[in-house]
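J.: Below you'll find run.cif; it's mmCIF, C-alpha atoms.
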data_query
#
loop_
_atom_site.label_atom_id
_atom_site.label_comp_id
_atom_site.auth_asym_id
_atom_site.auth_seq_id
_atom_site.Cartn_x
_atom_site.Cartn_y
_atom_site.Cartn_z
CA MET O 1 113.75 87.99 60.87
CA LYS O 2 110.54 89.99 61.31
CA MET O 3 108.33 90.73 64.30
CA LYS O 4 104.56 90.85 64.18
CA THR O 5 102.32 93.53 65.68
CA ASN O 6 101.38 91.46 68.73
CA GLU O 7 105.04 90.75 69.52
CA ILE O 8 105.90 94.45 69.29
CA THR O 9 102.91 95.40 71.44
CA ALA O 10 103.99 92.85 74.06
CA MET O 11 107.52 94.30 74.05
CA LEU O 12 106.22 97.82 74.60
CA LEU O 13 103.93 96.72 77.43
CA GLU O 14 106.81 94.87 79.09
CA ASN O 15 109.05 97.94 78.76
CA LEU O 16 106.43 100.18 80.38
CA TRP O 17 105.83 97.62 83.15
CA ASN O 18 109.54 97.29 83.95
CA ARG O 19 109.96 101.06 84.11
CA TYR O 20 106.89 101.35 86.30
CA ILE O 21 107.93 98.73 88.88
CA SER O 22 111.41 100.30 89.05
CA ARG O 23 109.64 103.44 90.35
CA VAL O 24 106.74 101.92 92.31
CA SER O 25 108.23 99.88 95.14
CA TYR O 26 104.83 98.61 96.30
CA ALA O 27 104.17 97.02 92.90
CA LYS O 28 107.64 95.47 92.91
CA LYS O 29 107.00 94.02 96.38
CA TYR O 30 103.67 92.57 95.18
CA VAL O 31 105.50 90.81 92.35
CA GLU O 32 108.06 89.35 94.76
CA LEU O 33 105.36 88.10 97.14
CA VAL O 34 103.23 86.51 94.42
CA LEU O 35 106.15 84.77 92.74
CA GLU O 36 107.44 83.48 96.10
CA LYS O 37 104.06 81.81 96.56
CA GLY O 38 104.09 80.26 93.10
CA GLY O 39 101.45 82.62 91.76
CA ARG O 40 101.20 84.65 88.56
CA VAL O 41 101.43 88.40 87.99
CA VAL O 42 98.78 89.35 85.44
CA ASN O 43 97.79 92.97 84.84
CA ASP O 44 94.15 93.85 84.25
CA HIS O 45 94.68 97.39 82.94
CA ILE O 46 96.99 100.36 82.62
CA ALA O 47 95.82 103.94 83.24
CA LEU O 48 97.10 107.18 81.72
CA ARG O 49 96.08 110.83 82.11
CA THR O 50 95.90 113.67 79.59
CA PHE O 51 94.79 117.29 79.12
CA ASN O 52 92.01 117.94 76.59
CA THR O 53 93.52 121.13 75.24
CA HIS O 54 96.08 122.24 72.65
CA THR O 55 99.35 120.51 73.54
CA GLY O 56 101.74 121.83 70.94
CA GLU O 57 102.84 119.22 68.41
CA GLN O 58 101.40 116.35 70.46
CA PRO O 59 97.75 115.39 69.91
CA GLY O 60 95.54 116.72 72.70
CA GLY O 61 93.61 114.73 75.29
CA ILE O 62 92.86 111.03 74.83
CA ARG O 63 94.13 111.26 71.23
CA ALA O 64 97.66 111.63 72.65
CA ILE O 65 97.51 107.94 73.55
CA LYS O 66 94.79 106.67 71.22
CA HIS O 67 96.74 107.42 68.04
CA ILE O 68 99.51 105.06 69.20
CA LEU O 69 97.12 102.36 70.36
CA ASN O 70 95.45 102.38 66.94
CA TYR O 71 98.66 101.09 65.37
CA LEU O 72 99.03 98.34 67.97
CA GLY O 73 95.62 96.73 67.59
CA TYR O 74 93.81 98.31 70.54
CA VAL O 75 90.25 99.49 69.97
CA PRO O 76 87.99 101.76 72.08
CA VAL O 77 85.34 99.80 73.96
CA GLY O 78 83.80 101.94 76.72
CA LYS O 79 83.35 105.66 77.38
CA TYR O 80 83.00 107.26 80.82
CA GLU O 81 82.22 110.68 82.27
CA PHE O 82 83.17 112.04 85.69
CA LYS O 83 81.36 115.36 85.89
CA LYS O 84 82.50 116.42 89.36
CA LYS O 85 86.13 115.88 88.44
CA LYS O 86 85.67 117.38 84.97
CA LEU O 87 87.02 114.21 83.37
CA THR O 88 86.06 111.94 80.52
CA ALA O 89 87.70 108.62 79.69
CA ILE O 90 87.80 105.76 77.23
CA HIS O 91 88.97 102.24 77.84
CA PHE O 92 90.64 100.25 75.07
CA GLU O 93 90.90 96.49 74.63
CA HIS O 94 93.08 94.30 72.46
CA PRO O 95 91.93 91.19 70.54
CA ASN O 96 94.70 89.35 72.40
CA GLU O 97 93.02 88.97 75.78
CA THR O 98 96.34 88.44 77.55
CA PHE O 99 97.16 92.11 76.98
CA PRO O 100 95.93 94.50 79.66
CA LYS O 101 93.10 96.91 78.96
CA ILE O 102 94.19 100.55 78.70
CA PHE O 103 92.16 103.25 80.47
CA VAL O 104 92.88 106.78 79.19
CA SER O 105 91.30 109.82 80.82
CA GLN O 106 91.37 113.49 79.95
CA LEU O 107 90.80 116.63 81.98
CA GLU O 108 88.30 118.95 80.29
CA VAL O 109 90.51 122.00 80.73
CA GLU O 110 87.92 124.50 79.49
CA GLN O 111 85.69 123.62 82.47
CA LEU O 112 88.28 124.86 84.98
CA PRO O 113 88.45 128.45 86.28
CA THR O 114 89.98 130.81 83.72
CA TRP O 115 93.23 131.25 85.66
CA ALA O 116 93.68 127.46 85.88
CA GLN O 117 93.07 127.08 82.15
CA GLN O 118 95.76 129.68 81.53
CA VAL O 119 98.25 127.88 83.79
CA ILE O 120 97.77 124.58 81.95
CA ASN O 121 97.69 126.09 78.47
CA GLN O 122 100.82 128.16 79.04
CA THR O 123 102.68 125.11 80.33
CA VAL O 124 101.75 122.74 77.49
CA VAL O 125 101.38 125.09 74.50
CA ASP O 126 104.86 124.37 73.10
CA THR O 127 104.89 120.62 73.75
CA PRO O 128 107.15 118.79 71.28
CA TYR O 129 106.10 115.53 69.67
CA LEU O 130 108.41 112.90 71.15
CA ILE O 131 107.99 110.20 68.50
CA SER O 132 110.44 110.32 65.61
CA ASP O 133 109.45 110.47 61.93
CA ARG O 134 111.19 107.13 61.44
CA SER O 135 108.99 105.53 64.11
CA LEU O 136 105.87 106.94 62.48
CA GLU O 137 106.98 105.39 59.19
CA LEU O 138 107.53 102.04 60.90
CA LEU O 139 104.11 102.21 62.55
CA ALA O 140 102.50 102.85 59.18
CA VAL O 141 104.29 99.83 57.69
CA LEU O 142 103.32 97.75 60.71
CA LYS O 143 99.67 98.66 60.32
CA GLU O 144 99.76 97.87 56.59
CA GLU O 145 101.82 94.68 56.63
CA GLY O 146 101.48 93.40 60.20
CA GLU O 147 105.23 92.97 60.69
CA ILE O 148 108.57 94.79 60.45
CA PRO O 149 112.23 93.69 60.75
CA LYS O 150 113.31 92.73 64.28
CA VAL O 151 116.02 95.40 64.57
CA ALA O 152 113.57 98.08 63.46
CA ALA O 153 110.96 96.73 65.89
CA GLU O 154 113.34 96.95 68.83
CA ALA O 155 114.23 100.55 67.94
CA LEU O 156 110.55 101.38 67.56
CA VAL O 157 109.68 100.04 71.01
CA LEU O 158 112.45 102.09 72.64
CA ASP O 159 111.24 105.22 70.86
CA LEU O 160 107.59 104.62 71.78
CA ALA O 161 108.46 103.88 75.42
CA GLN O 162 110.17 107.25 75.90
CA TYR O 163 106.93 108.95 74.79
CA PHE O 164 105.40 107.92 78.12
CA ARG O 165 106.88 110.67 80.26
CA ARG O 166 106.28 114.38 80.78
CA PRO O 167 106.72 115.92 77.30
CA TRP O 168 106.52 119.61 78.29
CA ASN O 169 108.98 121.66 80.29
CA ALA O 170 108.91 121.56 84.10
CA PRO O 171 105.90 123.50 85.39
CA VAL O 172 106.20 126.48 87.71
CA LYS O 173 106.15 125.41 91.35
CA GLU O 174 103.59 128.00 92.47
CA ASP O 175 101.33 127.04 89.56
CA VAL O 176 101.36 123.40 90.64
CA LEU O 177 100.61 124.22 94.27
CA LYS O 178 97.78 126.58 93.37
CA ILE O 179 96.13 124.38 90.76
CA ASN O 180 96.31 121.39 93.13
CA ASP O 181 93.61 123.12 95.22
CA VAL O 182 91.29 123.03 92.19
CA SER O 183 92.23 119.67 90.65
CA GLN O 184 94.79 117.24 92.01
CA TYR O 185 94.48 115.47 88.63
CA ALA O 186 95.68 118.66 86.91
CA ALA O 187 98.62 119.06 89.28
CA TRP O 188 99.65 115.42 88.79
CA THR O 189 99.45 115.67 85.00
CA LEU O 190 101.41 118.92 84.90
CA LEU O 191 104.18 117.10 86.77
CA HIS O 192 104.06 113.67 85.11
CA GLY O 193 102.48 114.18 81.69
CA ASN O 194 102.18 110.95 79.65
CA SER O 195 103.73 108.77 82.37
CA VAL O 196 101.84 105.62 83.32
CA ASN O 197 99.51 106.55 86.20
CA HIS O 198 99.08 102.96 87.40
CA PHE O 199 99.07 99.30 86.49
CA THR O 200 96.49 96.94 88.00
CA ALA O 201 96.87 93.40 89.30
CA PHE O 202 94.19 91.04 87.92
CA ILE O 203 93.33 89.11 91.08
CA ASN O 204 91.29 86.48 89.19
CA HIS O 205 94.48 85.14 87.58
CA GLN O 206 96.79 85.54 90.58
CA GLU O 207 96.75 81.82 91.53
CA VAL O 208 97.98 82.27 95.09
CA LYS O 209 96.20 79.63 97.18
CA GLU O 210 96.23 81.69 100.39
CA TRP O 211 94.90 84.78 98.61
CA LEU O 212 91.58 83.57 97.27
CA ASP O 213 90.04 86.99 96.79
CA LEU O 214 90.65 90.73 96.91
CA GLU O 215 90.17 90.95 100.70
CA ALA O 216 92.74 88.26 101.39
CA THR O 217 95.20 89.85 98.98
CA CYS O 218 94.85 93.32 100.51
CA THR O 219 95.21 91.90 104.03
CA ALA O 220 98.35 90.00 103.05
CA LEU O 221 99.93 93.00 101.35
CA GLU O 222 99.26 95.19 104.36
CA ALA O 223 100.76 92.55 106.65
CA ALA O 224 103.85 92.61 104.41
CA GLY O 225 104.26 96.32 105.09
CA ILE O 226 102.64 97.74 101.96
CA PRO O 227 100.41 100.75 102.81
CA MET O 228 96.96 100.09 101.38
CA LYS O 229 93.80 102.00 100.58
CA ASP O 230 91.57 101.79 103.66
CA SER O 231 88.58 100.31 101.84
CA ILE O 232 87.56 98.19 98.88
CA GLU O 233 85.44 99.71 96.12
CA GLY O 234 82.47 97.51 95.21
CA GLU O 235 80.32 95.14 97.22
CA LYS O 236 81.35 91.50 97.64
CA GLY O 237 79.97 89.53 94.69
CA SER O 238 79.55 92.62 92.47
CA LYS O 239 80.89 92.58 88.92
CA LEU O 240 83.97 94.68 89.71
CA ARG O 241 85.81 95.21 92.97
CA GLN O 242 88.93 97.39 93.27
CA SER O 243 91.48 98.52 95.80
CA ALA O 244 95.02 99.86 95.66
CA THR O 245 98.26 100.49 97.45
CA GLN O 246 98.97 104.03 98.49
CA ALA O 247 100.88 106.07 95.91
CA VAL O 248 104.65 106.30 96.09
CA LYS O 249 106.15 109.77 96.16
CA GLU O 250 109.02 111.12 94.08
CA ASP O 251 111.09 114.26 93.87
CA VAL O 252 109.84 116.02 90.74
CA GLU O 253 111.47 118.91 88.90
CA VAL O 254 109.67 122.27 88.91
CA MET O 255 110.67 125.86 88.19
CA GLY O 256 111.07 127.91 91.36
CA GLU O 257 111.72 131.63 91.72
CA ASP O 258 115.47 131.07 91.40
CA GLY O 259 115.42 128.36 88.74
CA PRO O 260 114.94 124.57 88.69
CA GLU O 261 114.25 122.84 91.99
CA LYS O 262 112.59 119.65 93.27
CA ILE O 263 109.36 119.10 95.15
CA THR O 264 108.06 115.83 96.58
CA TRP O 265 104.83 114.66 94.95
CA THR O 266 102.81 111.51 94.46
CA TYR O 267 103.64 109.44 91.42
CA ALA O 268 101.79 106.13 91.11
CA TYR O 269 100.01 103.44 93.06
CA TYR O 270 99.37 99.79 92.22
CA GLU O 271 95.72 98.95 91.81
CA LEU O 272 94.11 95.54 92.36
CA ALA O 273 90.97 94.43 90.54
CA GLU O 274 88.71 91.43 90.98
CA ARG O 275 86.13 90.81 88.25
CA ASN O 276 83.02 88.65 88.44
CA TYR O 277 80.88 87.00 85.79
CA VAL O 278 78.06 88.69 83.91
CA GLU O 279 75.84 87.41 81.13
CA GLU O 280 75.99 89.23 77.80
CA ASP O 281 73.87 88.03 74.88
CA GLY O 282 73.47 84.66 76.52
CA VAL O 283 77.22 84.26 77.09
CA ARG O 284 78.67 84.12 80.60
CA LYS O 285 81.92 86.09 80.80
CA LEU O 286 84.00 88.15 83.16
CA PHE O 287 82.87 91.79 83.28
CA SER O 288 85.48 93.75 81.31
CA GLY O 289 84.34 97.34 81.80
CA PHE O 290 84.71 99.95 84.52
CA LEU O 291 82.27 101.51 86.99
CA GLY O 292 82.20 105.30 87.15
CA GLU O 293 81.84 105.87 90.89
CA GLN O 294 84.55 103.37 91.77
CA ALA O 295 86.97 104.80 89.21
CA SER O 296 86.23 108.29 90.52
CA HIS O 297 87.32 107.30 94.02
CA LEU O 298 90.51 105.70 92.71
CA PHE O 299 91.51 108.91 90.90
CA ASP O 300 91.99 110.33 94.38
CA MET O 301 94.78 107.90 95.21
CA THR O 302 97.27 110.43 93.80
CA ARG O 303 96.03 113.18 96.11
CA THR O 304 99.03 114.94 97.69
CA ARG O 305 97.33 117.62 99.75
CA ASP O 306 93.79 118.23 100.91
CA ASN O 307 91.83 119.38 97.89
#
Represent the structure of the file as structure tokens.

T.:
Amino acid sequence: MKMKTNEITAMLLENLWNRYISRVSYAKKYVELVLEKGGRVVNDHIALRTFNTHTGEQPGGIRAIKHILNYLGYVPVGKYEFKKKKLTAIHFEHPNETFPKIFVSQLEVEQLPTWAQQVINQTVVDTPYLISDRSLELLAVLKEEGEIPKVAAEALVLDLAQYFRRPWNAPVKEDVLKINDVSQYAAWTLLHGNSVNHFTAFINHQEVKEWLDLEATCTALEAAGIPMKDSIEGEKGSKLRQSATQAVKEDVEVMGEDGPEKITWTYAYYELAERNYVEEDGVRKLFSGFLGEQASHLFDMTRTRDN
């Protein structure tokens, strides 16, 4: 029996989602609430963060994720720039519209102060490439033939899934604390690497009668004890509106003066997106892109300290 590319992509997305909700209690609670009400959990997009610099054996910046997406049928659709945060990003879409969009950003490391560049580069310079040669061979066959044996596909998904974690050694605690004052994005990425930054509920497909829009959903989640962002990005009726839970915190390994230790840091939040219709080339469709200013504000949801 063989599995096709779309089936393998769906398996990988499900694996990443299950790992994510096991760590992000607010997302897990959202799922429970929606299903209790007979609704559907549909994700609009997944976000990941990268460093645009030399990262050892792993491709640098957006390419760290893009080169995998290429094998799975995703294509780049939109490009974004966040000058104040020294970030650029690309969002990818899949021909299968049931698959979430994937938003990959990169920190332009060379735009940081020299000392901060050195901290990042020293931490990531010897990064190993976490995908096996066998998996690369399977991906090549998959791209060429569109299918591979089921047993091989299952092994491939497990190997690809473990790529989405921090690939470099634990950063130095003082480096993380210092660089957080310059870029909380940099501090987060030093600690979490390729880990999923967030998933996003697609409110349009939620199908909960009591939660007709983003406001109602946010109000209900807050009433259920989920700490929420204090405002919604985007005016009512605009083509994209977004909000989010607060980020959960985790104990993350760092290197202290006396060896490995743990510090508490933000990991991920659960975003919520509501899209409205736009007309493109005479066709009315849901807006599928992202808006720079709104996305910029949502980057700050992983802020740990004032910076």

J.: Find the residues near Val77 (chain O): any atom within 9 Å, counting only C-alpha atoms, skip ones fewer than 6 places away on the same chain, and give them as a list in words.

T.: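 The filter keeps Ile90, His91, Phe92, Glu93 and Gly289 of chain O.
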
J.: I want to know what sits within 7 Å of Ala268 (chain O), based on only C-alpha atoms, with residues of the same chain fewer than 4 positions away left out; could you give that as a PyMOL selection string?

T.: chain O and resi 24+197-198+247-248+302

J.: Can you write just those residues out, C-alpha atoms, as an mmCIF file, in the coordinates of the input?

T.:
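Below is the file that was written, part_2.cif:
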data_model
loop_
_atom_site.group_PDB
_atom_site.id
_atom_site.type_symbol
_atom_site.label_atom_id
_atom_site.label_comp_id
_atom_site.auth_asym_id
_atom_site.auth_seq_id
_atom_site.Cartn_x
_atom_site.Cartn_y
_atom_site.Cartn_z
ATOM 1 C CA VAL O 24 106.740 101.920 92.310
ATOM 2 C CA ASN O 197 99.510 106.550 86.200
ATOM 3 C CA HIS O 198 99.080 102.960 87.400
ATOM 4 C CA ALA O 247 100.880 106.070 95.910
ATOM 5 C CA VAL O 248 104.650 106.300 96.090
ATOM 6 C CA THR O 302 97.270 110.430 93.800
#

J.: Would you mind telling me which residue in O:Ile65, O:Tyr26, O:Leu138, O:Thr55 lies nearest to Asp126 (chain O) when using all atoms listed in the file?

T.: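 Answer, going by the shortest atom-to-atom distance: O:Thr55.
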
J.: If you measure from CA of Glu253 (chain O) to CA of Ile68 (chain O), what distance in Å do you get, rounded to one decimal?

T.: 26.9 Å

J.: Mind listing whatever residues come within 12 Å of the point (102.4, 87.8, 91.8)? Use all atoms listed in the file, file coordinates, and give them as JSON, numbers by chain.

T.: {"O": [26, 27, 28, 29, 30, 31, 32, 33, 34, 35, 36, 37, 38, 39, 40, 41, 42, 43, 200, 201, 202, 203, 204, 205, 206, 207, 208, 209, 211, 217, 221, 272]}

J.: Just how far from CA of Asp133 (chain O) is CA of Leu12 (chain O), in Å to one decimal?

T.: 18.2 Å

J.: Which residues fall under the PyMOL selection byres ((chain O and resi 89) around 6) in this file, as a VMD selection string?

T.: chain O and resid 79 to 80 88 90 104 to 105

J.: Using only C-alpha atoms for the distances, tell me which of O:Leu136, O:Ile8, O:Leu107, O:Ala161 is nearest to Lys83 (chain O).

T.: O:Leu107

J.: Counting only C-alpha atoms, select every polymer residue within 10 Å of (98.5, 113.2, 72.2) as defined in the file's coordinates, and provide the selection as a list in words.

T.: Thr50, Phe51, Asn52, Thr53, His54, Thr55, Gly56, Glu57, Gln58, Pro59, Gly60, Gly61, Ile62, Arg63, Ala64, Ile65, Lys66, His67, Ile68, Thr127, Tyr129, Leu130, Tyr163 and Asn194 of chain O

J.: Filtering to C-alpha atoms, could you give me those residues as an mmCIF file, in the coordinates of the input?

T.:
data_model
loop_
_atom_site.group_PDB
_atom_site.id
_atom_site.type_symbol
_atom_site.label_atom_id
_atom_site.label_comp_id
_atom_site.auth_asym_id
_atom_site.auth_seq_id
_atom_site.Cartn_x
_atom_site.Cartn_y
_atom_site.Cartn_z
ATOM 1 C CA THR O 50 95.900 113.670 79.590
ATOM 2 C CA PHE O 51 94.790 117.290 79.120
ATOM 3 C CA ASN O 52 92.010 117.940 76.590
ATOM 4 C CA THR O 53 93.520 121.130 75.240
ATOM 5 C CA HIS O 54 96.080 122.240 72.650
ATOM 6 C CA THR O 55 99.350 120.510 73.540
ATOM 7 C CA GLY O 56 101.740 121.830 70.940
ATOM 8 C CA GLU O 57 102.840 119.220 68.410
ATOM 9 C CA GLN O 58 101.400 116.350 70.460
ATOM 10 C CA PRO O 59 97.750 115.390 69.910
ATOM 11 C CA GLY O 60 95.540 116.720 72.700
ATOM 12 C CA GLY O 61 93.610 114.730 75.290
ATOM 13 C CA ILE O 62 92.860 111.030 74.830
ATOM 14 C CA ARG O 63 94.130 111.260 71.230
ATOM 15 C CA ALA O 64 97.660 111.630 72.650
ATOM 16 C CA ILE O 65 97.510 107.940 73.550
ATOM 17 C CA LYS O 66 94.790 106.670 71.220
ATOM 18 C CA HIS O 67 96.740 107.420 68.040
ATOM 19 C CA ILE O 68 99.510 105.060 69.200
ATOM 20 C CA THR O 127 104.890 120.620 73.750
ATOM 21 C CA TYR O 129 106.100 115.530 69.670
ATOM 22 C CA LEU O 130 108.410 112.900 71.150
ATOM 23 C CA TYR O 163 106.930 108.950 74.790
ATOM 24 C CA ASN O 194 102.180 110.950 79.650
#

J.: Would you compute the distance between CA of Pro100 (chain O) and CA of Ala153 (chain O)? Give it in Å to one decimal.

T.: 20.5 Å

J.: Restricting the calculation to all atoms listed in the file, which member of O:Ile102, O:Val109, O:Ala244, O:Cys218 is positioned closest to Ser288 (chain O)?

T.: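 Checking each candidate against Ser288 (chain O), we get O:Ile102 as the closest.
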
J.: Would you output region 80-102 of chain O from that structure, restricted to N, CA and C atoms, as an mmCIF file, in the first residue's frame?

T.:
data_model
loop_
_atom_site.group_PDB
_atom_site.id
_atom_site.type_symbol
_atom_site.label_atom_id
_atom_site.label_comp_id
_atom_site.auth_asym_id
_atom_site.auth_seq_id
_atom_site.Cartn_x
_atom_site.Cartn_y
_atom_site.Cartn_z
ATOM 1 N N TYR O 80 6.347 39.686 3.151
ATOM 2 C CA TYR O 80 6.067 40.758 4.095
ATOM 3 C C TYR O 80 7.366 41.264 4.718
ATOM 4 N N GLU O 81 7.352 42.539 5.102
ATOM 5 C CA GLU O 81 8.528 43.143 5.731
ATOM 6 C C GLU O 81 8.087 43.902 6.976
ATOM 7 N N PHE O 82 8.825 43.708 8.059
ATOM 8 C CA PHE O 82 8.546 44.381 9.328
ATOM 9 C C PHE O 82 9.827 45.100 9.748
ATOM 10 N N LYS O 83 10.002 46.301 9.234
ATOM 11 C CA LYS O 83 11.279 46.998 9.376
ATOM 12 C C LYS O 83 11.661 47.253 10.831
ATOM 13 N N LYS O 84 10.708 47.684 11.644
ATOM 14 C CA LYS O 84 11.027 48.005 13.038
ATOM 15 C C LYS O 84 11.503 46.777 13.798
ATOM 16 N N LYS O 85 10.951 45.635 13.461
ATOM 17 C CA LYS O 85 11.329 44.403 14.154
ATOM 18 C C LYS O 85 12.471 43.671 13.454
ATOM 19 N N LYS O 86 12.908 44.217 12.328
ATOM 20 C CA LYS O 86 14.003 43.621 11.554
ATOM 21 C C LYS O 86 13.646 42.206 11.087
ATOM 22 N N LEU O 87 12.408 42.066 10.625
ATOM 23 C CA LEU O 87 11.901 40.777 10.185
ATOM 24 C C LEU O 87 11.406 40.851 8.749
ATOM 25 N N THR O 88 11.532 39.738 8.046
ATOM 26 C CA THR O 88 10.825 39.537 6.788
ATOM 27 C C THR O 88 10.108 38.192 6.898
ATOM 28 N N ALA O 89 9.108 37.997 6.050
ATOM 29 C CA ALA O 89 8.323 36.764 6.145
ATOM 30 C C ALA O 89 7.727 36.403 4.789
ATOM 31 N N ILE O 90 7.394 35.140 4.659
ATOM 32 C CA ILE O 90 6.684 34.632 3.480
ATOM 33 C C ILE O 90 5.558 33.745 3.976
ATOM 34 N N HIS O 91 4.396 33.841 3.328
ATOM 35 C CA HIS O 91 3.371 32.861 3.671
ATOM 36 C C HIS O 91 3.169 31.918 2.490
ATOM 37 N N PHE O 92 2.960 30.660 2.830
ATOM 38 C CA PHE O 92 2.841 29.568 1.859
ATOM 39 C C PHE O 92 1.416 29.028 1.902
ATOM 40 N N GLU O 93 0.933 28.608 0.728
ATOM 41 C CA GLU O 93 -0.385 27.981 0.650
ATOM 42 C C GLU O 93 -0.273 26.656 -0.100
ATOM 43 N N HIS O 94 -1.235 25.800 0.165
ATOM 44 C CA HIS O 94 -1.265 24.481 -0.461
ATOM 45 C C HIS O 94 -2.460 24.412 -1.411
ATOM 46 N N PRO O 95 -2.339 23.714 -2.539
ATOM 47 C CA PRO O 95 -3.493 23.571 -3.442
ATOM 48 C C PRO O 95 -4.710 22.973 -2.750
ATOM 49 N N ASN O 96 -4.467 22.112 -1.743
ATOM 50 C CA ASN O 96 -5.562 21.576 -0.946
ATOM 51 C C ASN O 96 -5.941 22.633 0.089
ATOM 52 N N GLU O 97 -7.067 23.303 -0.122
ATOM 53 C CA GLU O 97 -7.439 24.439 0.708
ATOM 54 C C GLU O 97 -7.821 24.058 2.135
ATOM 55 N N THR O 98 -7.937 22.761 2.410
ATOM 56 C CA THR O 98 -8.217 22.353 3.790
ATOM 57 C C THR O 98 -6.957 22.385 4.648
ATOM 58 N N PHE O 99 -5.787 22.468 4.014
ATOM 59 C CA PHE O 99 -4.542 22.545 4.765
ATOM 60 C C PHE O 99 -4.293 23.992 5.195
ATOM 61 N N PRO O 100 -3.810 24.199 6.406
ATOM 62 C CA PRO O 100 -3.555 25.562 6.855
ATOM 63 C C PRO O 100 -2.436 26.234 6.058
ATOM 64 N N LYS O 101 -2.535 27.540 5.949
ATOM 65 C CA LYS O 101 -1.427 28.317 5.395
ATOM 66 C C LYS O 101 -0.251 28.210 6.368
ATOM 67 N N ILE O 102 0.948 28.458 5.887
ATOM 68 C CA ILE O 102 2.123 28.427 6.760
ATOM 69 C C ILE O 102 2.874 29.746 6.608
#
